[in-house]
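Trainee: Structure provided below as structure tokens; questions to follow.
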Amino acid sequence: MPKFHVKRGDEVVVISGTERGKRGKVLHVLRDKQRVIVEGVKMIKKHLRKSQEHPQGKIATREGTIHLSNVMLASRHEARAARRPAPAAPAQS
């Protein structure tokens, strides 16, 4: 089993995909599929049928999974941004 760069409870930043730039805490790591569930990222809707808990049925919102390669530790992301030079100002003429 490979060792992953993130674990449950880590603060991560999504670095690619439709959720790029969002950050959150890792809730769960799916080792066999190499995916993670991040708090507040990749929200999906799940339709629940009628039950005693939900007599009318319900549309629940929960987090989906993201591939490990699409997340980076927030501390490493901030360190990388600090090393990057600031964009040059336009020349005044």
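Going by the structure tokens order, chains are called A, B, ..., each with residues numbered from 1, while ligands are numbered from 1 in the order shown.
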I'd like to know which residues of chain A are helix (DSSP H, G or I) (by DSSP, run on the backbone); could you write them as a PyMOL selection string?
Mentor: chain A and resi 68-70+74-83
Trainee: Range 1-64 of chain A: which residues are strand (DSSP E) by DSSP, as a list of chain:residue names?
Mentor: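 These are the residues in question: A:Glu11, A:Val12, A:Val13, A:Val14, A:Arg23, A:Gly24, A:Lys25, A:Val26, A:Leu27, A:His28, A:Val29, A:Leu30, A:Arg35, A:Val36, A:Ile37, A:Val38, A:Met43, A:Ile44, A:Lys45, A:Lys46, A:His47, A:Leu48, A:Lys58, A:Ile59, A:Ala60, A:Thr61, A:Arg62, A:Glu63.
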Trainee: Which residue, A:Gly9, A:Ile37, A:Lys3, A:Arg20, has the smallest gap to His67 in chain A when you use only C-alpha atoms?
Mentor: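 Under the stated criterion, the closest residue is A:Ile37.
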Trainee: I'd like the contact shell of His47 in chain A - 7 Å cut-off, only C-alpha atoms, skipping same-chain residues fewer than 6 positions apart - returned as a ChimeraX atom specification.
Mentor: /A:58-60
Trainee: What does the file look like for those residues with N, CA and C atoms, as an mmCIF file, in the first residue's frame?
Mentor:
```cif
data_model
loop_
_atom_site.group_PDB
_atom_site.id
_atom_site.type_symbol
_atom_site.label_atom_id
_atom_site.label_comp_id
_atom_site.auth_asym_id
_atom_site.auth_seq_id
_atom_site.Cartn_x
_atom_site.Cartn_y
_atom_site.Cartn_z
ATOM 1 N N LYS A 58 -36.068 13.244 0.825
ATOM 2 C CA LYS A 58 -35.164 14.360 1.038
ATOM 3 C C LYS A 58 -34.094 14.372 -0.048
ATOM 4 N N ILE A 59 -33.600 15.561 -0.359
ATOM 5 C CA ILE A 59 -32.429 15.702 -1.214
ATOM 6 C C ILE A 59 -31.308 16.182 -0.300
ATOM 7 N N ALA A 60 -30.399 15.266 0.049
ATOM 8 C CA ALA A 60 -29.297 15.585 0.962
ATOM 9 C C ALA A 60 -28.088 16.037 0.157
#
```
Trainee: Please provide the set of residues having any atom within 7 Å of Ala74 in chain A, restricted to only C-alpha atoms, with same-chain residues fewer than 2 positions apart removed, written as a list in words.
Mentor: Glu11, Val12, Val13, Met72, Arg76, His77 and Glu78 of chain A
Trainee: Pick out the residues sitting within 9 Å of Phe4 in chain A, and hand them over as a list in words; count only C-alpha atoms, and ignore anything fewer than 4 positions along from it in its own chain.
Mentor: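 Final neighbour list, sorted by chain and number: Arg31, Gln34 and Leu68 of chain A.
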Trainee: Can you tell me which residues surround Val41 in chain A at a distance of at most 8 Å, considering only C-alpha atoms, apart from same-chain residues fewer than 3 positions away, and format the answer as a PyMOL selection string?
Mentor: chain A and resi 19+22-24+37-38+63-64
Trainee: Take the selection from the previous step and output its residues with all heavy atoms, as a PDB file, in the first residue's frame.
Mentor:
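Resulting contents of part.pdb:
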```pdb
ATOM      1  N   GLU A  19     -13.169  22.584  -8.929  1.00  0.00           N
ATOM      2  CA  GLU A  19     -13.152  23.150  -7.575  1.00  0.00           C
ATOM      3  C   GLU A  19     -11.816  23.820  -7.251  1.00  0.00           C
ATOM      4  O   GLU A  19     -11.483  24.029  -6.091  1.00  0.00           O
ATOM      5  CB  GLU A  19     -13.425  22.040  -6.556  1.00  0.00           C
ATOM      6  CG  GLU A  19     -14.701  21.271  -6.805  1.00  0.00           C
ATOM      7  CD  GLU A  19     -15.946  22.068  -6.491  1.00  0.00           C
ATOM      8  OE1 GLU A  19     -15.933  22.821  -5.502  1.00  0.00           O
ATOM      9  OE2 GLU A  19     -16.928  21.933  -7.228  1.00  0.00           O
ATOM     10  N   LYS A  22     -10.236  26.024  -3.931  1.00  0.00           N
ATOM     11  CA  LYS A  22     -10.963  25.835  -2.681  1.00  0.00           C
ATOM     12  C   LYS A  22     -10.080  25.096  -1.688  1.00  0.00           C
ATOM     13  O   LYS A  22      -9.231  24.308  -2.057  1.00  0.00           O
ATOM     14  CB  LYS A  22     -12.246  25.037  -2.913  1.00  0.00           C
ATOM     15  CG  LYS A  22     -13.299  25.814  -3.663  1.00  0.00           C
ATOM     16  CD  LYS A  22     -14.604  25.076  -3.652  1.00  0.00           C
ATOM     17  CE  LYS A  22     -15.668  25.877  -4.373  1.00  0.00           C
ATOM     18  NZ  LYS A  22     -16.940  25.158  -4.412  1.00  0.00           N
ATOM     19  N   ARG A  23     -10.300  25.382  -0.415  1.00  0.00           N
ATOM     20  CA  ARG A  23      -9.533  24.702   0.622  1.00  0.00           C
ATOM     21  C   ARG A  23     -10.471  24.151   1.674  1.00  0.00           C
ATOM     22  O   ARG A  23     -11.580  24.653   1.857  1.00  0.00           O
ATOM     23  CB  ARG A  23      -8.473  25.611   1.242  1.00  0.00           C
ATOM     24  CG  ARG A  23      -8.980  26.850   1.887  1.00  0.00           C
ATOM     25  CD  ARG A  23      -7.897  27.641   2.608  1.00  0.00           C
ATOM     26  NE  ARG A  23      -6.756  27.911   1.763  1.00  0.00           N
ATOM     27  CZ  ARG A  23      -5.496  27.915   2.172  1.00  0.00           C
ATOM     28  NH1 ARG A  23      -5.217  27.678   3.425  1.00  0.00           N
ATOM     29  NH2 ARG A  23      -4.522  28.176   1.351  1.00  0.00           N
ATOM     30  N   GLY A  24     -10.024  23.123   2.344  1.00  0.00           N
ATOM     31  CA  GLY A  24     -10.835  22.508   3.384  1.00  0.00           C
ATOM     32  C   GLY A  24     -10.047  21.422   4.096  1.00  0.00           C
ATOM     33  O   GLY A  24      -8.892  21.143   3.771  1.00  0.00           O
ATOM     34  N   ILE A  37     -11.990  12.784   0.560  1.00  0.00           N
ATOM     35  CA  ILE A  37     -13.196  13.584   0.736  1.00  0.00           C
ATOM     36  C   ILE A  37     -12.784  14.813   1.539  1.00  0.00           C
ATOM     37  O   ILE A  37     -12.256  14.689   2.645  1.00  0.00           O
ATOM     38  CB  ILE A  37     -14.298  12.786   1.467  1.00  0.00           C
ATOM     39  CG1 ILE A  37     -14.696  11.576   0.630  1.00  0.00           C
ATOM     40  CG2 ILE A  37     -15.494  13.681   1.753  1.00  0.00           C
ATOM     41  CD1 ILE A  37     -15.690  10.660   1.306  1.00  0.00           C
ATOM     42  N   VAL A  38     -13.000  15.998   0.949  1.00  0.00           N
ATOM     43  CA  VAL A  38     -12.589  17.257   1.567  1.00  0.00           C
ATOM     44  C   VAL A  38     -13.840  18.032   1.970  1.00  0.00           C
ATOM     45  O   VAL A  38     -14.801  18.129   1.204  1.00  0.00           O
ATOM     46  CB  VAL A  38     -11.726  18.097   0.590  1.00  0.00           C
ATOM     47  CG1 VAL A  38     -11.291  19.394   1.238  1.00  0.00           C
ATOM     48  CG2 VAL A  38     -10.522  17.295   0.132  1.00  0.00           C
ATOM     49  N   GLU A  63     -20.369  15.806   0.540  1.00  0.00           N
ATOM     50  CA  GLU A  63     -19.128  15.952  -0.211  1.00  0.00           C
ATOM     51  C   GLU A  63     -18.885  14.740  -1.088  1.00  0.00           C
ATOM     52  O   GLU A  63     -19.138  13.611  -0.696  1.00  0.00           O
ATOM     53  CB  GLU A  63     -17.930  16.123   0.743  1.00  0.00           C
ATOM     54  CG  GLU A  63     -17.904  17.435   1.480  1.00  0.00           C
ATOM     55  CD  GLU A  63     -18.646  17.405   2.803  1.00  0.00           C
ATOM     56  OE1 GLU A  63     -19.213  16.354   3.141  1.00  0.00           O
ATOM     57  OE2 GLU A  63     -18.670  18.433   3.484  1.00  0.00           O
ATOM     58  N   GLY A  64     -18.354  14.988  -2.295  1.00  0.00           N
ATOM     59  CA  GLY A  64     -17.929  13.917  -3.185  1.00  0.00           C
ATOM     60  C   GLY A  64     -16.434  13.696  -3.025  1.00  0.00           C
ATOM     61  O   GLY A  64     -15.780  14.319  -2.193  1.00  0.00           O
TER      62      GLY A  64
END
```
Trainee: When you count only C-alpha atoms, which of these residues is closest to Arg62 in chain A: A:Ile15, A:Leu27, A:Ala86, A:Ala91?
Mentor: A:Leu27
Trainee: Which distance in Å separates CA of Val14 in chain A and CA of Val71 in chain A, to one decimal?
Mentor: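 Separation between CA of Val14 in chain A and CA of Val71 in chain A: 4.5 Å.
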Trainee: My list of candidates is A:Val6, A:Ile66, A:Leu73, A:Ala89. Which is closest to Val36 in chain A when distances are computed with only C-alpha atoms?
Mentor: A:Ile66
Trainee: Interatomic distance between CA of Lys25 in chain A and CA of Arg8 in chain A?
Mentor: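 So the answer is 7.7 Å.
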